[in-house]
$ cat model-v8.cif   # mmCIF, C-alpha atoms
data_my_file
loop_
_atom_site.label_atom_id
_atom_site.label_comp_id
_atom_site.auth_asym_id
_atom_site.auth_seq_id
_atom_site.Cartn_x
_atom_site.Cartn_y
_atom_site.Cartn_z
CA MET A 27 0.00 0.00 0.00
CA LYS A 28 1.27 3.48 -0.85
CA CYS A 29 1.88 6.15 1.78
CA SER A 30 -0.99 8.24 0.41
CA GLN A 31 -3.38 5.35 1.06
CA ILE A 32 -1.86 4.60 4.46
CA LYS A 33 -2.24 8.23 5.58
CA LYS A 34 -6.00 8.10 5.00
CA LYS A 35 -6.19 5.13 7.34
CA LEU A 36 -4.11 6.63 10.14
CA SER A 37 -7.06 8.23 11.94
CA ALA A 38 -8.82 4.88 12.13
CA TYR A 39 -5.55 3.28 13.25
CA LEU A 40 -5.17 5.90 15.97
CA ASP A 41 -8.72 5.29 17.18
CA GLY A 42 -8.31 1.50 17.22
CA GLU A 43 -10.95 1.12 14.54
CA MET A 44 -9.25 -1.46 12.36
CA LYS A 45 -9.42 -5.15 11.77
CA VAL A 46 -6.45 -7.06 13.14
CA ASP A 47 -4.80 -7.86 9.80
CA GLU A 48 -5.12 -4.31 8.52
CA ARG A 49 -3.77 -2.94 11.79
CA GLN A 50 -0.76 -5.25 11.61
CA MET A 51 -0.10 -4.21 8.03
CA ILE A 52 -0.07 -0.52 8.94
CA ALA A 53 2.04 -1.13 12.04
CA GLY A 54 4.56 -2.89 9.82
CA HIS A 55 4.62 0.05 7.40
CA LEU A 56 5.06 2.56 10.23
CA LYS A 57 8.21 0.78 11.44
CA THR A 58 10.00 1.71 8.25
CA CYS A 59 8.30 4.91 7.04
CA ILE A 60 9.35 8.10 8.83
CA LEU A 61 6.90 10.27 6.90
CA CYS A 62 3.93 8.19 8.00
CA GLN A 63 5.29 8.12 11.56
CA GLU A 64 5.35 11.94 11.52
CA GLU A 65 1.84 12.01 10.08
CA LEU A 66 0.60 9.74 12.87
CA ALA A 67 2.32 11.88 15.50
CA ALA A 68 0.66 15.01 14.06
CA LEU A 69 -2.78 13.37 14.08
CA SER A 70 -2.21 12.23 17.63
CA LYS A 71 -1.39 15.80 18.65
CA VAL A 72 -4.57 17.07 16.97
CA LYS A 73 -6.59 14.45 18.83
CA GLU A 74 -5.05 15.54 22.11
CA THR A 75 -5.59 19.24 21.36
CA PHE A 76 -9.21 18.61 20.38
CA SER A 77 -9.82 17.01 23.77
CA VAL A 78 -9.52 20.43 25.50
CA LEU A 79 -13.05 21.24 24.33
CA ASP A 80 -15.02 21.21 27.54
CA GLY A 81 -18.49 19.84 27.97
CA MET A 82 -21.40 21.44 29.80
CA GLU A 83 -23.08 20.59 33.07
CA VAL A 84 -26.81 20.00 32.98
CA PRO A 85 -28.58 23.03 34.50
CA PRO A 86 -30.23 22.22 37.84
CA TYR A 87 -33.82 22.85 36.75
CA PHE A 88 -33.66 21.17 33.36
CA MET A 89 -35.80 18.20 34.38
CA THR A 90 -38.35 20.45 36.09
CA ARG A 91 -38.78 22.56 32.96
CA LEU A 92 -38.99 19.45 30.77
CA ARG A 93 -41.71 17.98 33.01
CA GLN A 94 -43.69 21.20 32.71
CA ARG A 95 -43.49 21.15 28.92
CA ILE A 96 -44.74 17.57 28.85
CA LYS A 97 -47.63 18.56 31.12
CA ASP A 98 -48.45 21.48 28.81
CA GLU A 99 -48.41 19.18 25.78
CA LYS A 100 -50.69 16.66 27.49
CA PHE A 101 -53.10 19.43 28.47
CA LEU A 102 -53.24 20.85 24.93
CA ALA A 103 -53.81 17.39 23.50
CA THR A 104 -56.76 16.61 25.77
CA ARG A 105 -58.64 19.90 26.01
CA PRO A 106 -61.78 20.31 23.86
CA MET A 107 -61.43 22.56 20.89
CA PRO A 108 -62.71 26.08 21.60
CA ILE A 109 -65.94 27.00 19.78
CA LEU A 110 -64.31 29.91 17.95
CA GLU A 111 -61.63 27.59 16.63
CA LYS A 112 -64.32 25.16 15.35
CA ILE A 113 -66.19 27.99 13.66
CA ARG A 114 -62.97 29.26 12.10
CA ARG A 115 -62.16 25.85 10.67
CA VAL A 116 -65.65 25.30 9.27
CA ALA A 117 -65.71 28.80 7.75
CA PHE A 118 -62.32 28.28 6.14
CA SER A 119 -63.36 24.95 4.59
CA ALA A 120 -66.64 26.43 3.35
CA ALA A 121 -64.84 29.42 1.82
CA ALA A 122 -62.37 27.15 0.03
CA PHE A 123 -65.19 24.99 -1.34
CA ALA A 124 -67.18 28.05 -2.46
CA GLY A 125 -64.08 29.41 -4.20
CA VAL A 126 -63.71 26.22 -6.23
CA VAL A 127 -67.41 26.16 -7.20
CA VAL A 128 -67.42 29.83 -8.25
CA SER A 129 -64.23 29.38 -10.29
CA LEU A 130 -65.69 26.39 -12.13
CA PHE A 131 -68.98 28.22 -12.79
CA MET A 132 -67.27 31.36 -14.10
CA GLY A 133 -64.94 29.35 -16.27
CA SER A 134 -67.84 27.45 -17.79
CA GLN A 135 -69.81 30.67 -18.44
CA MET A 136 -66.85 32.34 -20.11
CA GLY A 137 -66.24 29.31 -22.27
CA ARG A 138 -69.87 29.19 -23.37
CA THR A 139 -69.93 32.91 -24.21
CA LEU A 140 -66.75 32.72 -26.24
CA TYR A 141 -68.01 29.70 -28.17
CA GLN A 142 -71.25 31.46 -29.05
CA GLU A 143 -69.42 34.55 -30.26
CA LEU A 144 -67.13 32.52 -32.45
CA ALA A 145 -70.01 30.48 -33.84
CA ASN A 146 -71.95 33.65 -34.75
CA ASP A 147 -69.03 35.24 -36.48
CA THR A 148 -69.85 34.70 -40.23
CA GLN A 149 -68.09 37.74 -41.67
CA PRO A 150 -65.78 36.73 -44.52
CA VAL A 151 -62.14 37.54 -44.21
CA SER A 152 -61.18 40.62 -46.28
CA VAL A 153 -58.76 40.26 -49.17
CA GLU A 154 -56.17 42.33 -47.33
CA ASN A 155 -56.39 40.12 -44.29
CA ALA A 156 -56.37 37.04 -46.46
CA ASN A 157 -53.07 38.17 -47.98
CA ILE A 158 -51.65 38.95 -44.55
CA LEU A 159 -52.73 35.56 -43.29
CA GLY A 160 -51.32 33.84 -46.37
CA PHE A 161 -54.66 32.70 -47.76
CA GLY A 162 -53.33 33.47 -51.19
CA SER A 163 -51.70 30.07 -50.89
CA PHE A 164 -55.09 28.51 -51.65
CA GLU A 165 -55.45 30.12 -55.12
CA GLU A 166 -54.87 28.09 -58.28
CA PHE A 167 -51.28 27.56 -59.41
CA PRO A 168 -50.15 29.86 -62.26
CA GLU A 169 -50.68 28.09 -65.58
CA GLY A 170 -47.61 26.34 -66.89
CA SER A 171 -45.74 26.51 -63.57
CA LEU A 172 -44.05 23.45 -62.12
CA SER A 173 -46.64 23.28 -59.38
CA ASP A 174 -49.42 23.39 -61.96
CA VAL A 175 -47.86 20.54 -63.93
CA TYR A 176 -47.42 18.49 -60.78
CA ASP A 177 -50.98 19.21 -59.74
CA GLU A 178 -52.28 18.00 -63.16
CA LEU A 179 -50.10 14.91 -62.89
CA ILE A 180 -51.46 13.81 -59.55
CA LYS A 181 -54.99 14.53 -60.73
CA GLY A 182 -54.36 12.19 -63.67
CA GLY A 183 -54.05 14.99 -66.24
CA ASN A 184 -52.82 14.77 -69.91
CA ASN A 185 -49.53 16.64 -69.40
CA GLY A 186 -46.64 14.66 -70.58
CA MET B 12 -49.02 -5.98 16.57
CA THR B 13 -46.42 -6.61 19.26
CA LYS B 14 -43.15 -4.78 18.78
CA VAL B 15 -39.99 -6.83 19.18
CA TYR B 16 -37.33 -4.82 20.93
CA ASN B 17 -33.60 -5.47 20.79
CA LYS B 18 -32.83 -7.75 23.75
CA ASN B 19 -29.28 -6.41 23.85
CA ASP B 20 -30.57 -2.92 24.50
CA ALA B 21 -30.97 -2.17 28.21
CA ASP B 22 -33.15 0.85 27.39
CA ALA B 23 -35.62 -1.06 25.24
CA HIS B 24 -38.02 -1.80 28.09
CA LEU B 25 -38.01 1.84 29.23
CA VAL B 26 -38.78 3.05 25.70
CA MET B 27 -41.73 0.64 25.55
CA LEU B 28 -43.09 2.19 28.75
CA VAL B 29 -42.51 5.74 27.49
CA ALA B 30 -44.49 4.81 24.36
CA GLU B 31 -47.40 4.01 26.70
CA GLY B 32 -47.10 7.42 28.35
CA ASP B 33 -45.07 6.43 31.42
CA GLU B 34 -43.43 9.65 32.65
CA LYS B 35 -41.29 7.91 35.27
CA ALA B 36 -39.70 5.72 32.60
CA PHE B 37 -39.13 8.83 30.50
CA GLU B 38 -37.38 10.59 33.39
CA GLN B 39 -35.11 7.60 33.89
CA LEU B 40 -34.06 7.77 30.25
CA VAL B 41 -33.52 11.52 30.48
CA HIS B 42 -31.35 11.21 33.60
CA LYS B 43 -29.28 8.54 31.93
CA TYR B 44 -28.53 10.53 28.79
CA GLU B 45 -28.93 14.21 29.66
CA GLN B 46 -25.28 14.85 30.46
CA ALA B 47 -24.07 13.24 27.22
CA VAL B 48 -26.70 15.11 25.20
CA PHE B 49 -25.84 18.47 26.76
CA SER B 50 -22.12 18.00 26.25
CA THR B 51 -22.52 16.85 22.67
CA ILE B 52 -24.74 19.79 21.81
CA TYR B 53 -22.40 22.26 23.50
CA ARG B 54 -19.27 20.89 21.85
CA TYR B 55 -20.99 20.91 18.48
CA VAL B 56 -22.87 24.20 18.67
CA GLY B 57 -20.26 26.10 20.68
CA ASN B 58 -22.40 28.55 22.59
CA TRP B 59 -24.25 28.31 25.91
CA ASP B 60 -27.39 30.20 24.99
CA ASP B 61 -29.37 27.65 23.08
CA VAL B 62 -28.04 24.37 24.46
CA GLU B 63 -30.85 23.89 26.97
CA ASP B 64 -33.57 24.71 24.41
CA LEU B 65 -32.07 22.26 21.97
CA ALA B 66 -31.79 19.58 24.65
CA GLN B 67 -35.45 20.11 25.58
CA GLU B 68 -36.54 19.81 21.97
CA ILE B 69 -34.55 16.60 21.58
CA PHE B 70 -36.02 14.92 24.64
CA LEU B 71 -39.51 16.13 23.77
CA LYS B 72 -39.06 14.50 20.39
CA VAL B 73 -38.20 11.27 22.19
CA TRP B 74 -41.38 11.63 24.30
CA ARG B 75 -43.62 12.31 21.28
CA ASN B 76 -42.10 9.65 19.03
CA ALA B 77 -41.42 6.77 21.42
CA LYS B 78 -44.22 4.85 19.70
CA LYS B 79 -42.35 5.11 16.40
CA PHE B 80 -39.15 3.59 17.82
CA LYS B 81 -39.02 0.19 16.18
CA GLY B 82 -36.15 -1.32 18.16
CA LYS B 83 -34.13 -2.24 15.09
CA SER B 84 -31.25 -0.14 16.44
CA LYS B 85 -30.32 0.61 20.02
CA PHE B 86 -32.13 3.44 21.75
CA SER B 87 -28.87 5.38 22.16
CA THR B 88 -28.31 5.23 18.39
CA TRP B 89 -31.82 6.54 17.80
CA LEU B 90 -31.35 9.28 20.40
CA TYR B 91 -28.03 10.41 18.94
CA ARG B 92 -29.59 10.49 15.49
CA ILE B 93 -32.12 12.99 16.82
CA VAL B 94 -29.28 14.96 18.44
CA VAL B 95 -27.30 15.04 15.18
CA ASN B 96 -30.28 16.19 13.11
CA HIS B 97 -31.25 18.92 15.55
CA CYS B 98 -27.69 20.21 15.89
CA ILE B 99 -27.05 20.32 12.15
CA ASN B 100 -30.40 22.04 11.50
CA TYR B 101 -29.68 24.53 14.28
CA ARG B 102 -26.33 25.48 12.77
CA ARG B 103 -27.88 25.95 9.35
CA LYS B 104 -30.56 28.26 10.76
CA HIS B 105 -28.11 30.29 12.82
CA LYS B 106 -25.20 30.59 10.40
CA HIS B 107 -25.05 34.34 10.95
CA ARG B 108 -24.05 33.83 14.58
CA TYR B 109 -20.92 32.02 13.54
CA ARG B 110 -19.59 34.62 11.16
CA GLN B 111 -18.24 36.84 13.88
CA VAL B 112 -14.51 36.46 14.19
CA SER B 113 -12.55 33.97 12.11
CA LEU B 114 -9.68 31.92 13.45
CA ASP B 115 -7.23 33.95 11.37
CA GLU B 116 -8.50 37.17 12.88
CA LEU B 117 -8.34 35.69 16.36
CA THR B 118 -4.72 34.70 15.98
CA GLU B 119 -3.52 38.04 14.61
CA LYS B 120 -0.91 39.66 16.73
CA GLY B 121 -2.24 42.37 19.01
CA VAL B 122 -5.77 40.98 19.35
CA THR B 123 -5.22 40.39 23.06
CA PRO B 124 -3.25 43.18 24.64
CA GLU B 125 -0.67 42.16 27.21
CA SER B 126 -2.51 44.17 29.85
CA LEU B 127 -5.43 41.77 29.67
CA LYS B 128 -3.33 38.67 30.24
CA VAL B 129 -3.74 38.72 33.99
CA THR B 130 -5.24 35.36 34.92
CA PRO B 131 -2.91 32.38 35.36
CA ASP B 132 -5.04 30.18 33.13
CA TRP B 133 -5.21 32.79 30.40
CA GLU B 134 -3.07 30.64 28.10
CA GLN B 135 -5.31 27.61 28.61
CA ARG B 136 -8.45 29.62 27.97
CA ARG B 137 -6.98 31.11 24.83
CA ARG B 138 -6.04 27.64 23.65
CA VAL B 139 -9.59 26.41 24.23
CA GLU B 140 -10.98 29.43 22.39
CA LEU B 141 -8.71 28.83 19.41
CA VAL B 142 -9.59 25.15 19.27
CA ARG B 143 -13.27 25.99 19.51
CA LYS B 144 -12.97 28.51 16.70
CA ALA B 145 -11.10 26.00 14.52
CA VAL B 146 -13.79 23.40 15.20
CA ASP B 147 -16.53 25.92 14.36
CA GLU B 148 -15.00 26.36 10.93
CA LEU B 149 -15.21 22.66 10.12
CA PRO B 150 -18.03 21.42 7.88
CA ASP B 151 -21.05 20.22 9.90
CA ARG B 152 -20.63 16.52 9.32
CA GLN B 153 -16.89 16.43 9.99
CA ARG B 154 -17.45 18.27 13.24
CA MET B 155 -20.23 15.94 14.35
CA ALA B 156 -18.25 12.81 13.48
CA LEU B 157 -15.28 14.08 15.53
CA VAL B 158 -17.43 15.00 18.53
CA LEU B 159 -19.20 11.63 18.53
CA SER B 160 -15.93 9.72 18.17
CA GLN B 161 -13.72 11.60 20.58
CA PHE B 162 -16.11 12.69 23.31
CA GLU B 163 -18.99 10.26 23.21
CA GLY B 164 -16.76 7.24 22.64
CA ARG B 165 -18.88 6.04 19.75
CA SER B 166 -17.28 3.50 17.44
CA TYR B 167 -17.04 4.27 13.74
CA LYS B 168 -19.72 1.67 13.14
CA GLU B 169 -22.08 3.37 15.61
CA ILE B 170 -21.35 6.77 14.10
CA ALA B 171 -22.16 5.35 10.65
CA GLU B 172 -25.53 4.15 12.00
CA ILE B 173 -26.24 7.45 13.76
CA MET B 174 -25.33 9.63 10.78
CA LYS B 175 -26.75 7.17 8.24
CA VAL B 176 -23.56 7.01 6.21
CA SER B 177 -21.15 4.23 5.31
CA LEU B 178 -18.24 3.17 7.50
CA SER B 179 -15.75 4.44 4.93
CA SER B 180 -17.53 7.83 4.96
CA VAL B 181 -17.02 8.04 8.73
CA GLU B 182 -13.33 7.22 8.32
CA SER B 183 -13.07 9.91 5.68
CA LEU B 184 -14.99 12.51 7.74
CA ILE B 185 -12.79 11.99 10.78
CA PHE B 186 -9.58 11.92 8.76
CA ARG B 187 -10.47 15.12 6.88
CA GLY B 188 -11.70 16.82 10.04
CA ARG B 189 -8.42 16.14 11.84
CA SER B 190 -6.38 17.18 8.81
CA SER B 191 -8.27 20.48 8.63
CA LEU B 192 -7.83 21.07 12.35
CA ARG B 193 -4.15 20.35 12.02
CA GLU B 194 -3.73 23.02 9.35
CA LYS B 195 -5.80 25.59 11.21
CA LEU B 196 -4.15 25.00 14.58
CA ALA B 197 -0.65 24.98 13.09
CA LYS B 198 -1.18 28.64 12.23
CA ALA B 199 -2.59 29.40 15.65
CA PHE B 200 -0.05 27.67 17.89
#

$ encode --input "model-v8.cif" --output "structure tokens"
Amino acid sequence: MKCSQIKKKLSAYLDGEMKVDERQMIAGHLKTCILCQEELAALSKVKETFSVLDGMEVPPYFMTRLRQRIKDEKFLATRPMPILEKIRRVAFSAAAFAGVVVSLFMGSQMGRTLYQELANDTQPVSVENANILGFGSFEEFPEGSLSDVYDELIKGGNNG
Amino acid sequence: MTKVYNKNDADAHLVMLVAEGDEKAFEQLVHKYEQAVFSTIYRYVGNWDDVEDLAQEIFLKVWRNAKKFKGKSKFSTWLYRIVVNHCINYRRKHKHRYRQVSLDELTEKGVTPESLKVTPDWEQRRRVELVRKAVDELPDRQRMALVLSQFEGRSYKEIAEIMKVSLSSVESLIFRGRSSLREKLAKAF
């Protein structure tokens, strides 16, 4: 194993988190590799330095305050719902339902109105608009043009 | 359906009672783990102010969710998982609190005037402060893995279960955390 691979394992080695055979293999490498020995020493120093981080004592009234919060939760879970809260919930649900119904009704009315307007619209398109919209594409092909010849051909015409 | 709890877990019976609403059983569990939970939170979060609130939230979560504990893992693993999630979420919500003074700024010459170095343990306190600052600058998961390994005595396998990562990820987190600390503290000391 290369030193670069060994170095990544040194933390686990330091913490005793290795299988026996792997541990023996690394121990064997460390006997002959000064660089890895120095790396291990540095990691060991970091581990020792890290240990200065102090903990924290549990405050004396922690359990008392926790008990009170549990009591409060139990009380809230068992009390009957206030009337105002019930009314608020029913009103909110009713308003949401009404909103959906009104939206569907208005949408249907608008759709019906638009359809009727479109159906009643029988005005022909003006020539100007027809040109703008490209309706000129539906006129006959100019006589003798390639398109005209092709058109006659597919219609079963006499053009050679 | 009867739940089958892990027979190797001494806390399993207590958790079963807590799930039925037994407050005495809950208090026994709290007394057993409160010190470890407080210390873990404090070492991870790094400030006194919110440790108790966080600890309360964690134990309340245990109280509310005892019925959901399936017994597939040990109770302590489940508890520490809650601790880890709460701590990491707390740090993410309060990032602004940790952008005060960086380790580099703290180690600049002249930050602490000689006139203030009056207490005998000044050097020790400064050392602790520098280490704490270096730890604060570590990524969340590296920091948590180091705290669980070094202070809570959790094995890499347990840490992998708690943090829901692979064993090799734990090795990597701890290795990278220590490497980062080494670089940061080399500048400071």

$ closest_atom_pairs --input "model-v8.cif" --of "chain B" --to "chain A" --cutoff "8 Å" --atoms "all atoms listed in the file" --output "Markdown table"
| residue | atom | partner | partner_atom | distance |
| --- | --- | --- | --- | --- |
| B:Glu38 | CA | A:Met89 | CA | 7.8 |
| B:Glu45 | CA | A:Val84 | CA | 7.0 |
| B:Gln46 | CA | A:Val84 | CA | 5.9 |
| B:Phe49 | CA | A:Met82 | CA | 6.1 |
| B:Ser50 | CA | A:Gly81 | CA | 4.4 |
| B:Thr51 | CA | A:Gly81 | CA | 7.3 |
| B:Tyr53 | CA | A:Gly81 | CA | 6.4 |
| B:Arg54 | CA | A:Gly81 | CA | 6.3 |
| B:Glu63 | CA | A:Phe88 | CA | 7.5 |
| B:Gln67 | CA | A:Leu92 | CA | 6.3 |
| B:Leu71 | CA | A:Ile96 | CA | 7.4 |
| B:Val139 | CA | A:Val78 | CA | 6.1 |
| B:Val142 | CA | A:Phe76 | CA | 6.6 |
| B:Arg143 | CA | A:Leu79 | CA | 6.8 |
| B:Gln161 | CA | A:Ser77 | CA | 7.4 |
| B:Phe162 | CA | A:Ser77 | CA | 7.6 |
| B:Ser166 | CA | A:Glu43 | CA | 7.4 |
| B:Tyr167 | CA | A:Glu43 | CA | 6.9 |
| B:Glu182 | CA | A:Ala38 | CA | 6.4 |
| B:Ser183 | CA | A:Lys34 | CA | 7.3 |
| B:Ile185 | CA | A:Ser37 | CA | 7.0 |
| B:Phe186 | CA | A:Ser37 | CA | 5.5 |
| B:Arg189 | CA | A:Val72 | CA | 6.5 |
| B:Ser190 | CA | A:Leu69 | CA | 7.4 |
| B:Leu192 | CA | A:Val72 | CA | 6.9 |
| B:Arg193 | CA | A:Val72 | CA | 6.0 |

$ residues_around --input "model-v8.cif" --residues "Lys168 (chain B)" --least-positions-apart "2" --cutoff "9 Å" --atoms "only C-alpha atoms" --output "ChimeraX atom specification"
/A:43 /B:165-166,170-173,177-178,181

$ atom_distance --input "model-v8.cif" --atom1 "CA of Lys72 (chain B)" --atom2 "CA of Leu90 (chain B)"
9.3 Å

$ atom_distance --input "model-v8.cif" --atom1 "CA of Tyr39 (chain A)" --atom2 "CA of Lys198 (chain B)"
25.8 Å

$ atom_distance --input "model-v8.cif" --atom1 "CA of Cys62 (chain A)" --atom2 "CA of Cys29 (chain A)"
6.9 Å

$ resolve_selection --input "model-v8.cif" --expression "the PyMOL selection byres ((chain B and resi 56) around 10)" --output "ChimeraX atom specification"
/B:50-55,57-62,65,98-99,101-102,105,109,143,146-147,151,154-155

$ closest_residue --input "model-v8.cif" --among "B:Ser87, B:Asn100, B:Gln153, B:Gln135" --to "Glu169 (chain B)" --atoms "only C-alpha atoms"
B:Ser87

$ closest_residue --input "model-v8.cif" --among "B:His42, B:Phe86, B:Asp64, B:Trp74" --to "Ala21 (chain B)" --atoms "all atoms listed in the file"
B:Phe86

$ residues_around --input "model-v8.cif" --residues "Leu184 (chain B)" --least-positions-apart "3" --cutoff "8 Å" --atoms "only C-alpha atoms" --output "MDAnalysis selection string"
chainID B and resid 152:153 156:157 180:181 187:188

$ axis_aligned_box --input "model-v8.cif" --around "region 65-81 of chain A" --padding-each-side "8 Å" --output "lines of an AutoDock Vina configuration file"
center_x = -8.1
center_y = 15.5
center_z = 19.0
size_x = 36.8
size_y = 27.5
size_z = 33.9

$ resolve_selection --input "model-v8.cif" --expression "the PyMOL selection byres ((chain B and resi 77) around 8)" --output "CSV table (one decimal) with C-alpha atoms, in the frame of the given file"
chain,number,residue,atom,x,y,z
B,26,VAL,CA,-38.8,3.0,25.7
B,27,MET,CA,-41.7,0.6,25.6
B,29,VAL,CA,-42.5,5.7,27.5
B,30,ALA,CA,-44.5,4.8,24.4
B,73,VAL,CA,-38.2,11.3,22.2
B,74,TRP,CA,-41.4,11.6,24.3
B,75,ARG,CA,-43.6,12.3,21.3
B,76,ASN,CA,-42.1,9.6,19.0
B,78,LYS,CA,-44.2,4.8,19.7
B,79,LYS,CA,-42.4,5.1,16.4
B,80,PHE,CA,-39.2,3.6,17.8

$ decode --input "model-v8.cif" --residues "region 96-103 of chain B" --atoms "all heavy atoms" --output "mmCIF file, in the first residue's frame"
data_model
loop_
_atom_site.group_PDB
_atom_site.id
_atom_site.type_symbol
_atom_site.label_atom_id
_atom_site.label_comp_id
_atom_site.auth_asym_id
_atom_site.auth_seq_id
_atom_site.Cartn_x
_atom_site.Cartn_y
_atom_site.Cartn_z
ATOM 1 N N ASN B 96 -29.384 15.448 14.011
ATOM 2 C CA ASN B 96 -30.276 16.191 13.106
ATOM 3 C C ASN B 96 -30.614 17.565 13.662
ATOM 4 O O ASN B 96 -30.592 18.562 12.940
ATOM 5 C CB ASN B 96 -31.556 15.400 12.841
ATOM 6 C CG ASN B 96 -31.303 14.180 11.979
ATOM 7 O OD1 ASN B 96 -30.313 14.135 11.250
ATOM 8 N ND2 ASN B 96 -32.154 13.182 12.080
ATOM 9 N N HIS B 97 -30.918 17.630 14.944
ATOM 10 C CA HIS B 97 -31.250 18.920 15.553
ATOM 11 C C HIS B 97 -30.060 19.871 15.532
ATOM 12 O O HIS B 97 -30.211 21.062 15.246
ATOM 13 C CB HIS B 97 -31.729 18.726 17.000
ATOM 14 C CG HIS B 97 -33.206 18.503 17.103
ATOM 15 N ND1 HIS B 97 -33.811 17.345 16.720
ATOM 16 C CD2 HIS B 97 -34.195 19.319 17.524
ATOM 17 C CE1 HIS B 97 -35.119 17.448 16.903
ATOM 18 N NE2 HIS B 97 -35.386 18.637 17.387
ATOM 19 N N CYS B 98 -28.883 19.357 15.844
ATOM 20 C CA CYS B 98 -27.689 20.214 15.892
ATOM 21 C C CYS B 98 -27.364 20.759 14.502
ATOM 22 O O CYS B 98 -27.076 21.953 14.340
ATOM 23 C CB CYS B 98 -26.486 19.435 16.433
ATOM 24 S SG CYS B 98 -26.554 19.175 18.207
ATOM 25 N N ILE B 99 -27.394 19.888 13.507
ATOM 26 C CA ILE B 99 -27.049 20.322 12.151
ATOM 27 C C ILE B 99 -28.084 21.337 11.646
ATOM 28 O O ILE B 99 -27.722 22.364 11.059
ATOM 29 C CB ILE B 99 -26.900 19.107 11.199
ATOM 30 C CG1 ILE B 99 -25.643 18.324 11.579
ATOM 31 C CG2 ILE B 99 -26.845 19.547 9.744
ATOM 32 C CD1 ILE B 99 -25.393 17.067 10.768
ATOM 33 N N ASN B 100 -29.355 21.089 11.913
ATOM 34 C CA ASN B 100 -30.403 22.043 11.499
ATOM 35 C C ASN B 100 -30.246 23.378 12.225
ATOM 36 O O ASN B 100 -30.436 24.444 11.640
ATOM 37 C CB ASN B 100 -31.793 21.478 11.778
ATOM 38 C CG ASN B 100 -32.156 20.361 10.822
ATOM 39 O OD1 ASN B 100 -31.560 20.245 9.757
ATOM 40 N ND2 ASN B 100 -33.091 19.525 11.211
ATOM 41 N N TYR B 101 -29.876 23.302 13.500
ATOM 42 C CA TYR B 101 -29.680 24.526 14.280
ATOM 43 C C TYR B 101 -28.564 25.373 13.669
ATOM 44 O O TYR B 101 -28.703 26.579 13.487
ATOM 45 C CB TYR B 101 -29.328 24.168 15.733
ATOM 46 C CG TYR B 101 -28.881 25.362 16.541
ATOM 47 C CD1 TYR B 101 -29.816 26.177 17.179
ATOM 48 C CD2 TYR B 101 -27.539 25.693 16.650
ATOM 49 C CE1 TYR B 101 -29.408 27.291 17.902
ATOM 50 C CE2 TYR B 101 -27.132 26.802 17.371
ATOM 51 C CZ TYR B 101 -28.059 27.595 17.992
ATOM 52 O OH TYR B 101 -27.658 28.699 18.698
ATOM 53 N N ARG B 102 -27.458 24.734 13.337
ATOM 54 C CA ARG B 102 -26.328 25.483 12.771
ATOM 55 C C ARG B 102 -26.712 26.133 11.443
ATOM 56 O O ARG B 102 -26.298 27.237 11.137
ATOM 57 C CB ARG B 102 -25.130 24.543 12.530
ATOM 58 C CG ARG B 102 -24.325 24.215 13.761
ATOM 59 C CD ARG B 102 -23.448 25.324 14.220
ATOM 60 N NE ARG B 102 -22.437 25.664 13.240
ATOM 61 C CZ ARG B 102 -21.218 26.097 13.529
ATOM 62 N NH1 ARG B 102 -20.860 26.238 14.780
ATOM 63 N NH2 ARG B 102 -20.369 26.396 12.597
ATOM 64 N N ARG B 103 -27.474 25.406 10.652
ATOM 65 C CA ARG B 103 -27.875 25.954 9.353
ATOM 66 C C ARG B 103 -28.775 27.165 9.528
ATOM 67 O O ARG B 103 -28.671 28.149 8.805
ATOM 68 C CB ARG B 103 -28.583 24.887 8.518
ATOM 69 C CG ARG B 103 -27.613 23.898 7.957
ATOM 70 C CD ARG B 103 -28.240 22.812 7.149
ATOM 71 N NE ARG B 103 -27.202 21.831 6.822
ATOM 72 C CZ ARG B 103 -27.439 20.598 6.446
ATOM 73 N NH1 ARG B 103 -28.669 20.169 6.331
ATOM 74 N NH2 ARG B 103 -26.442 19.779 6.166
#
